file final.txt (compact mmCIF, C-alpha atoms)
# COMPACT_ATOMS: atom_id res chain seq x y z
CA MET A 603 103.97 60.67 192.92
CA ASN A 604 105.38 62.74 190.12
CA PRO A 605 108.54 61.24 188.54
CA THR A 606 110.31 64.57 188.80
CA SER A 607 109.46 64.72 192.49
CA LYS A 608 110.86 61.22 192.89
CA LEU A 609 114.03 62.27 191.14
CA ILE A 610 114.42 65.36 193.30
CA THR A 611 113.77 63.41 196.49
CA GLY A 612 116.23 60.72 195.47
CA GLY A 613 118.86 63.30 194.64
CA VAL A 614 118.42 65.05 197.98
CA LEU A 615 118.71 61.77 199.88
CA LEU A 616 121.72 60.70 197.82
CA PHE A 617 123.43 63.99 198.52
CA GLY A 618 122.73 63.67 202.23
CA ALA A 619 124.04 60.13 202.39
CA LEU A 620 127.22 60.96 200.49
CA ALA A 621 127.86 64.14 202.45
CA LEU A 622 127.40 62.44 205.82
CA ALA A 623 129.50 59.48 204.74
CA ASN A 624 132.20 61.86 203.58
CA LEU A 625 132.01 63.63 206.92
CA LEU A 626 132.13 60.55 209.12
CA LEU A 627 134.33 58.16 207.17
CA PRO A 628 137.94 58.86 206.19
CA SER A 629 138.12 59.48 202.50
CA PRO A 630 140.81 57.94 200.26
CA GLY A 631 141.61 61.38 198.91
CA ALA A 632 142.53 62.60 202.36
CA ARG A 633 145.00 59.75 202.80
CA MET A 634 146.70 60.65 199.55
CA SER A 635 147.11 64.32 200.41
CA SER A 636 150.56 65.69 200.96
CA GLU A 637 149.93 66.55 204.60
CA SER A 638 149.60 62.90 205.59
CA ILE A 639 152.53 61.64 203.51
CA SER A 640 155.23 64.26 204.04
CA PRO A 641 155.77 63.74 207.82
CA VAL A 642 156.32 60.01 207.29
CA THR A 643 158.91 60.44 204.56
CA SER A 644 160.78 63.10 206.46
CA SER A 645 160.99 60.89 209.55
CA ILE A 646 162.32 57.98 207.50
CA GLU A 647 164.95 60.08 205.80
CA SER A 648 166.11 61.50 209.09
CA GLU A 649 166.71 58.08 210.64
CA PRO A 650 170.27 56.81 209.90
CA ALA A 651 169.27 53.19 210.42
CA ALA A 652 166.46 53.55 207.92
CA SER A 653 168.74 55.12 205.33
CA ALA A 654 171.24 52.31 205.86
CA ALA A 655 168.49 49.76 205.40
CA ILE A 656 167.43 51.48 202.23
CA ALA A 657 171.04 51.39 201.00
CA ARG A 658 171.21 47.64 201.70
CA ILE A 659 167.98 46.99 199.91
CA GLU A 660 168.76 49.02 196.82
CA PRO A 661 171.35 46.66 195.22
CA GLU A 662 168.99 43.76 195.57
CA THR A 663 166.25 45.59 193.87
CA GLN A 664 168.20 45.92 190.66
CA VAL A 665 166.58 44.29 187.73
CA LYS A 666 168.28 41.06 186.63
CA PRO A 667 168.74 40.35 182.90
CA PRO A 668 166.09 38.06 181.56
CA VAL A 669 166.97 34.42 181.04
CA VAL A 670 166.44 33.21 177.49
CA VAL A 671 165.44 29.61 177.18
CA GLU A 672 165.59 28.04 173.80
CA ILE A 673 162.77 25.73 173.08
CA ALA A 674 163.46 22.84 170.78
CA PRO A 675 161.13 22.62 167.85
CA ILE A 676 158.54 19.94 167.81
CA ALA A 677 159.90 16.82 166.19
CA SER A 678 157.13 15.86 163.84
CA PRO A 679 153.44 16.40 163.77
CA VAL A 680 151.33 13.50 164.81
CA SER A 681 149.80 11.84 161.80
CA ALA A 682 146.08 11.49 161.89
CA PRO A 683 144.85 7.92 161.86
CA VAL A 684 143.36 6.92 158.58
CA PRO A 685 140.05 5.12 158.93
CA LYS A 686 140.05 1.73 157.39
CA VAL A 687 137.24 0.63 155.14
CA VAL A 688 136.36 -2.99 155.50
CA ALA A 689 134.48 -4.63 152.74
CA ILE A 690 131.97 -7.20 153.95
CA PRO A 691 131.48 -10.07 151.60
CA ALA A 692 128.01 -10.82 150.46
CA LYS A 693 128.25 -14.31 151.80
CA ALA A 694 128.43 -13.04 155.39
CA VAL A 695 124.81 -11.81 155.34
CA PRO A 696 122.30 -14.57 155.32
CA ALA A 697 120.00 -14.60 152.36
CA LYS A 698 116.79 -14.81 154.30
CA ALA A 699 117.70 -12.07 156.76
CA THR A 700 116.98 -9.26 154.36
CA PRO A 701 113.31 -10.13 153.70
CA ASN A 702 112.75 -10.65 157.42
CA PHE A 703 114.33 -7.31 158.19
CA LEU A 704 112.21 -5.54 155.58
CA ALA A 705 109.15 -7.33 156.81
CA SER A 706 109.84 -6.26 160.37
CA ILE A 707 110.21 -2.66 159.25
CA VAL A 708 106.93 -2.78 157.37
CA ALA A 709 105.22 -4.39 160.36
CA ARG A 710 106.66 -1.77 162.64
CA ALA A 711 105.46 0.99 160.36
CA LYS A 712 102.01 -0.51 160.18
CA GLU A 713 101.95 -0.85 163.94
CA MET A 714 102.94 2.75 164.39
CA THR A 715 100.46 4.03 161.88
CA GLY A 716 97.79 1.77 163.30
CA THR A 717 98.27 3.06 166.85
CA SER A 718 98.78 6.64 165.95
CA SER A 719 95.81 7.01 163.72
CA PRO A 720 93.26 6.73 166.53
CA LYS A 721 95.27 9.25 168.53
CA SER A 722 95.29 11.65 165.66
CA ALA A 723 91.60 11.09 165.28
CA GLU A 724 91.00 11.76 168.94
CA ALA A 725 93.31 14.73 169.17
CA PRO A 726 90.91 17.30 167.73
CA ALA A 727 88.22 16.06 170.07
CA ALA A 728 90.49 16.34 173.07
CA GLU A 729 91.69 19.78 172.18
CA VAL A 730 88.42 21.51 172.62
CA ALA A 731 88.98 25.16 172.29
CA PRO A 732 87.57 27.09 175.21
CA ALA A 733 84.68 29.23 174.47
CA PRO A 734 85.77 32.80 173.99
CA ILE A 735 84.89 34.99 176.90
CA VAL A 736 82.77 37.73 175.59
CA SER A 737 82.54 40.60 177.93
CA ALA A 738 80.29 43.49 177.60
CA PRO A 739 82.14 46.48 176.20
CA THR A 740 82.79 48.95 178.95
CA PRO A 741 82.19 52.51 177.98
CA ALA A 742 85.36 54.57 177.88
CA VAL A 743 84.77 57.22 180.48
CA SER A 744 87.37 59.92 180.83
CA LEU A 745 87.88 61.10 184.37
CA VAL A 746 88.57 64.58 183.19
CA THR A 747 85.50 64.95 181.09
CA ARG A 748 83.36 63.27 183.69
CA SER A 749 84.20 65.84 186.28
CA VAL A 750 83.49 68.74 184.00
CA SER A 751 80.39 70.50 185.05
CA SER A 752 79.73 72.65 182.09
CA GLU A 753 76.80 73.43 179.94
CA GLY A 754 78.19 72.51 176.56
CA THR A 755 80.26 70.04 174.63
CA ALA A 756 83.13 72.30 173.60
CA SER A 757 84.74 72.07 177.04
CA GLN A 758 85.51 68.37 176.90
CA GLY A 759 88.94 67.82 178.51
CA PHE A 760 88.87 71.11 180.38
CA ARG A 761 88.21 71.36 184.09
CA LEU A 762 87.98 74.45 186.20
CA SER A 763 90.22 73.76 189.17
CA ALA A 764 89.88 76.93 191.22
CA THR A 765 89.13 80.61 191.10
CA LEU A 766 90.63 83.36 193.20
CA GLN A 767 89.51 86.95 192.84
CA ASP A 768 89.85 87.63 189.11
CA ARG A 769 91.98 84.60 188.26
CA ALA A 770 90.96 81.09 187.31
CA TRP A 771 93.01 77.91 186.98
CA ILE A 772 91.88 75.57 184.24
CA ARG A 773 93.14 72.02 184.01
CA ILE A 774 93.76 70.87 180.44
CA GLY A 775 93.95 67.13 180.06
CA ASP A 776 95.76 65.33 182.84
CA SER A 777 98.90 67.32 183.30
CA LYS A 778 98.65 70.91 182.14
CA THR A 779 97.16 73.79 184.06
CA VAL A 780 96.71 77.30 182.76
CA MET A 781 95.80 80.45 184.61
CA ALA A 782 93.31 82.74 182.94
CA LYS A 783 91.88 86.16 183.66
CA LYS A 784 89.02 88.05 182.14
CA ASP A 785 89.35 88.58 178.36
CA ASP A 786 92.00 85.85 178.10
CA VAL A 787 91.60 83.30 175.31
CA VAL A 788 92.14 79.70 176.28
CA PRO A 789 93.06 77.70 173.17
CA GLY A 790 90.42 75.10 172.49
CA LEU A 791 87.99 76.54 174.99
CA GLY A 792 87.25 80.14 174.14
CA LYS A 793 87.47 83.61 175.56
CA VAL A 794 86.84 84.15 179.25
CA THR A 795 84.28 86.87 179.68
CA SER A 796 83.85 86.80 183.44
CA VAL A 797 85.35 85.12 186.48
CA ASP A 798 82.98 84.58 189.36
CA LYS A 799 83.42 83.01 192.77
CA ASP A 800 83.19 79.38 191.66
CA SER A 801 82.62 79.56 187.91
CA ILE A 802 83.76 81.26 184.77
CA THR A 803 81.75 82.32 181.76
CA LEU A 804 82.99 82.00 178.21
CA ASP A 805 82.13 84.09 175.19
CA ASN A 806 80.09 81.26 173.65
CA GLY A 807 77.80 81.17 176.63
CA GLN A 808 79.32 78.20 178.39
CA VAL A 809 79.70 78.25 182.13
CA LEU A 810 82.50 76.23 183.70
CA LYS A 811 82.00 75.48 187.34
CA VAL A 812 84.62 74.43 189.82
CA ALA A 813 84.85 70.67 189.88
CA PRO A 814 84.18 69.14 193.29
CA MET B 270 95.01 88.42 173.96
CA ILE B 271 96.21 84.83 173.65
CA LEU B 272 96.81 83.16 176.94
CA GLN B 273 100.52 82.88 177.71
CA LYS B 274 100.40 81.85 181.34
CA ALA B 275 100.57 78.10 181.09
CA ILE B 276 102.07 76.75 184.29
CA ASP B 277 105.05 74.80 183.11
CA MET B 278 107.24 73.20 185.76
CA THR B 279 109.97 72.08 183.40
CA ARG B 280 112.36 74.95 183.95
CA PRO B 281 112.06 75.03 187.76
CA ALA B 282 112.57 71.28 187.87
CA ALA B 283 115.67 71.59 185.71
CA LEU B 284 116.98 74.31 188.02
CA TYR B 285 116.46 72.19 191.14
CA LEU B 286 118.04 69.14 189.53
CA ALA B 287 121.01 71.26 188.48
CA ALA B 288 121.44 72.41 192.08
CA ILE B 289 121.41 68.79 193.24
CA ALA B 290 123.96 67.89 190.56
CA VAL B 291 126.26 70.72 191.68
CA LEU B 292 126.08 69.53 195.28
CA LEU B 293 126.79 65.93 194.27
CA LEU B 294 129.78 67.14 192.25
CA ALA B 295 131.04 69.10 195.25
CA VAL B 296 130.72 66.03 197.45
CA PHE B 297 132.62 63.99 194.88
CA ILE B 298 135.44 66.54 194.66
CA GLU B 299 135.62 66.79 198.42
CA GLY B 300 135.60 63.12 199.17
CA ARG B 301 137.38 61.37 196.32
CA THR B 302 140.06 63.78 195.19
CA GLY B 303 141.05 65.27 198.52
CA LEU B 304 140.66 68.82 197.27
CA THR B 305 139.08 71.24 199.68
CA LEU B 306 136.61 73.91 198.75
CA LEU B 307 137.90 76.14 201.54
CA SER B 308 141.60 76.31 202.34
CA ARG B 309 141.30 76.91 206.09
CA VAL B 310 138.51 76.89 208.60
CA GLU B 311 140.20 77.86 211.84
CA HIS B 312 137.84 80.22 213.55
CA ILE B 313 135.20 77.56 214.21
CA HIS B 314 135.60 75.36 217.24
CA TYR B 315 133.74 72.27 216.07
CA PRO B 316 133.63 72.36 212.29
CA LYS B 317 132.62 68.73 211.93
CA VAL B 318 129.64 69.12 214.21
CA ILE B 319 128.54 72.29 212.50
CA ALA B 320 129.01 70.65 209.11
CA ALA B 321 126.84 67.73 210.17
CA LEU B 322 124.12 70.07 211.41
CA LEU B 323 124.24 72.10 208.22
CA ILE B 324 124.00 68.99 206.07
CA LEU B 325 121.09 67.66 208.10
CA ALA B 326 119.31 71.00 207.80
CA SER B 327 120.02 70.96 204.08
CA ILE B 328 118.48 67.51 203.74
CA GLY B 329 115.39 68.65 205.62
CA LEU B 330 114.97 71.70 203.44
CA GLY B 331 115.49 69.62 200.32
CA LEU B 332 112.83 67.12 201.31
CA LEU B 333 110.47 69.96 202.23
CA GLY B 334 111.13 71.56 198.87
CA ALA B 335 110.38 68.28 197.09
CA ARG B 336 107.07 68.04 198.93
CA ARG B 337 106.13 71.60 198.10
CA TYR B 338 107.12 70.99 194.49
CA GLU B 339 104.81 68.00 194.30
CA ALA B 340 102.01 69.99 195.89
CA ARG B 341 102.54 72.76 193.36
CA VAL B 342 102.40 70.30 190.49
CA LEU B 343 99.06 69.04 191.77
CA GLN B 344 97.52 72.34 192.87
CA PRO B 345 99.46 75.30 191.50
CA TRP B 346 96.83 77.76 192.71
CA ARG B 347 97.57 76.91 196.32
CA VAL B 348 101.36 76.69 196.37
CA PRO B 349 103.24 79.67 194.98
CA GLN B 350 106.52 79.19 193.23
CA ILE B 351 108.45 81.17 195.83
CA GLN B 352 107.81 78.52 198.47
CA VAL B 353 109.48 75.84 196.41
CA PHE B 354 112.28 78.14 195.34
CA LEU B 355 113.16 79.27 198.86
CA CYS B 356 113.27 75.69 200.12
CA PHE B 357 115.66 74.65 197.38
CA LEU B 358 117.74 77.82 197.83
CA GLY B 359 118.21 76.96 201.50
CA PHE B 360 118.99 73.38 200.58
CA PHE B 361 121.69 74.49 198.15
CA VAL B 362 123.32 77.13 200.36
CA LEU B 363 123.29 75.08 203.56
CA GLY B 364 124.49 71.96 201.75
CA LEU B 365 127.38 73.75 200.09
CA THR B 366 128.36 75.42 203.37
CA GLY B 367 128.25 72.07 205.15
CA ILE B 368 130.48 70.52 202.51
CA CYS B 369 132.96 73.38 202.88
CA PHE B 370 133.05 72.98 206.66
CA SER B 371 133.44 69.23 206.49
CA SER B 372 136.93 69.46 204.98
call {"tool": "encode", "arguments": {"input": "final.txt", "output": "structure tokens"}}
result
Amino acid sequence: MNPTSKLITGGVLLFGALALANLLLPSPGARMSSESISPVTSSIESEPAASAAIARIEPETQVKPPVVVEIAPIASPVSAPVPKVVAIPAKAVPAKATPNFLASIVARAKEMTGTSSPKSAEAPAAEVAPAPIVSAPTPAVSLVTRSVSSEGTASQGFRLSATLQDRAWIRIGDSKTVMAKKDDVVPGLGKVTSVDKDSITLDNGQVLKVAP
Amino acid sequence: MILQKAIDMTRPAALYLAAIAVLLLAVFIEGRTGLTLLSRVEHIHYPKVIAALLILASIGLGLLGARRYEARVLQPWRVPQIQVFLCFLGFFVLGLTGICFSS
């Protein structure tokens, strides 16, 4: 479906929905009109009890002066705790702990490198790249040019859609249609010399037939 | 003579979309602001019913016009422009009349 047709159809349906909703449902604009408000106000003003009630309410609705509360300033900012640096004496660490610790690190590193090296060696074997799928190149066939039944190569992209009396409709590409008569020049195609029942003849000798 | 008769549907489509926009604007004015397009409709007995019928007829003509427009885009040698134009003219007139009666 053409996008413009979709837009037109959507607009028509939107208009119908809004118009029917406006017709059936009460609109907020109608409630705010003067015809619906004026009878209510006039009836309230005419009632003496209502005017007395309004007079009683009015003094209470006066605006009171604002109360100012003074806020005491904050006494003192909280001091940030200072981190303490503790110096550890050298005597606290045993003398033979450091070589053991270093030796354990070296052993751990050797263990890690010893276990990871076979994995790294096996990784390329495991990650076997799939063989690329080679498909046979499909020939690019244009639907427009395939349906052209002409006797030449200059009419590629042109399709004779219909003929009626002395007029012919020629489809150009996928979206444009031109109407041509005898002695008209179609840009890119040539001059129309004759229009027959189901074909047209160009000045270069080509014959375009109506596509099925 | 260079061919000058290319069938271009841009301007008709813009005209139809403008008609739809005018009707949507009329619906908005009628429904949201409380303003009426006609001040009084007193000589009609059932204005709401007639407005509903007019709006329904307008919708039908609009959908018919959209179908004829699509058919003209596909096969312009079979659908003349006047068919599409008359459908959208009826859609516009009936829709605007229905909006006026609905107030």
call {"tool": "residues_around", "arguments": {"input": "final.txt", "residues": "range 286-292 of chain B", "least_positions_apart": "2", "cutoff": "7 Å", "atoms": "all atoms listed in the file", "output": "CSV table (one decimal) with C-alpha atoms, keeping the file's coordinate frame"}}
result
chain,number,residue,atom,x,y,z
A,610,ILE,CA,114.4,65.4,193.3
A,613,GLY,CA,118.9,63.3,194.6
A,614,VAL,CA,118.4,65.0,198.0
A,617,PHE,CA,123.4,64.0,198.5
B,282,ALA,CA,112.6,71.3,187.9
B,283,ALA,CA,115.7,71.6,185.7
B,284,LEU,CA,117.0,74.3,188.0
B,294,LEU,CA,129.8,67.1,192.2
B,295,ALA,CA,131.0,69.1,195.2
B,296,VAL,CA,130.7,66.0,197.4
B,361,PHE,CA,121.7,74.5,198.2
B,365,LEU,CA,127.4,73.8,200.1
call {"tool": "closest_atom_pairs", "arguments": {"input": "final.txt", "of": "chain B", "to": "chain A", "cutoff": "9 Å", "atoms": "only C-alpha atoms", "output": "CSV"}}
result
residue,atom,partner,partner_atom,distance
B:Met270,CA,A:Asp786,CA,5.7
B:Ile271,CA,A:Val787,CA,5.1
B:Leu272,CA,A:Val787,CA,5.5
B:Gln273,CA,A:Val780,CA,8.4
B:Lys274,CA,A:Met781,CA,5.8
B:Ala275,CA,A:Val780,CA,4.3
B:Ile276,CA,A:Val780,CA,5.6
B:Asp277,CA,A:Lys778,CA,7.6
B:Ala282,CA,A:Thr606,CA,7.1
B:Tyr285,CA,A:Ile610,CA,7.4
B:Leu286,CA,A:Ile610,CA,6.5
B:Ile289,CA,A:Gly613,CA,6.2
B:Ala290,CA,A:Gly613,CA,8.0
B:Leu292,CA,A:Phe617,CA,6.9
B:Leu293,CA,A:Phe617,CA,5.8
B:Val296,CA,A:Ala621,CA,6.1
B:Phe297,CA,A:Leu620,CA,8.4
B:Glu299,CA,A:Asn624,CA,7.9
B:Gly300,CA,A:Ser629,CA,5.5
B:Arg301,CA,A:Gly631,CA,5.0
B:Thr302,CA,A:Gly631,CA,4.7
B:Gly303,CA,A:Gly631,CA,3.9
B:Leu304,CA,A:Gly631,CA,7.7
B:Lys317,CA,A:Leu625,CA,7.2
B:Ala320,CA,A:Leu625,CA,7.9
B:Ala321,CA,A:Leu622,CA,6.9
B:Ile324,CA,A:Gly618,CA,6.7
B:Leu325,CA,A:Gly618,CA,7.3
B:Ser327,CA,A:Gly618,CA,8.0
B:Ile328,CA,A:Gly618,CA,5.9
B:Gly329,CA,A:Val614,CA,9.0
B:Gly331,CA,A:Val614,CA,5.9
B:Leu332,CA,A:Thr611,CA,6.2
B:Gly334,CA,A:Thr611,CA,8.9
B:Ala335,CA,A:Ser607,CA,5.9
B:Arg336,CA,A:Ser607,CA,7.6
B:Tyr338,CA,A:Ser607,CA,7.0
B:Glu339,CA,A:Ser607,CA,6.0
B:Val342,CA,A:Asn604,CA,8.1
B:Leu343,CA,A:Ser777,CA,8.6
B:Gln344,CA,A:Ser763,CA,8.3
B:Pro345,CA,A:Thr779,CA,7.9
B:Trp346,CA,A:Trp771,CA,6.9
B:Phe360,CA,A:Val614,CA,8.7
B:Gly364,CA,A:Gly618,CA,8.5
B:Gly367,CA,A:Ala621,CA,8.4
B:Ile368,CA,A:Ala621,CA,6.9
B:Ser371,CA,A:Leu625,CA,5.8
B:Ser372,CA,A:Leu625,CA,7.9
call {"tool": "atom_distance", "arguments": {"input": "final.txt", "atom1": "CA of Gly792 in chain A", "atom2": "CA of Ala813 in chain A"}}
result
18.5 Å
call {"tool": "atom_distance", "arguments": {"input": "final.txt", "atom1": "CA of Thr803 in chain A", "atom2": "CA of Asp776 in chain A"}}
result
22.0 Å
call {"tool": "residues_around", "arguments": {"input": "final.txt", "residues": "Gln350 in chain B", "least_positions_apart": "3", "cutoff": "9 Å", "atoms": "all atoms listed in the file", "output": "number ranges by chain"}}
result
B: 281, 338, 341, 345, 353-355
call {"tool": "write_last_selection", "arguments": {"input": "final.txt", "atoms": "C-alpha atoms", "output": "CSV table (one decimal), keeping the file's coordinate frame"}}
result
chain,number,residue,atom,x,y,z
B,281,PRO,CA,112.1,75.0,187.8
B,338,TYR,CA,107.1,71.0,194.5
B,341,ARG,CA,102.5,72.8,193.4
B,345,PRO,CA,99.5,75.3,191.5
B,353,VAL,CA,109.5,75.8,196.4
B,354,PHE,CA,112.3,78.1,195.3
B,355,LEU,CA,113.2,79.3,198.9
call {"tool": "atom_distance", "arguments": {"input": "final.txt", "atom1": "CA of Lys784 in chain A", "atom2": "CA of Val348 in chain B"}}
result
22.0 Å
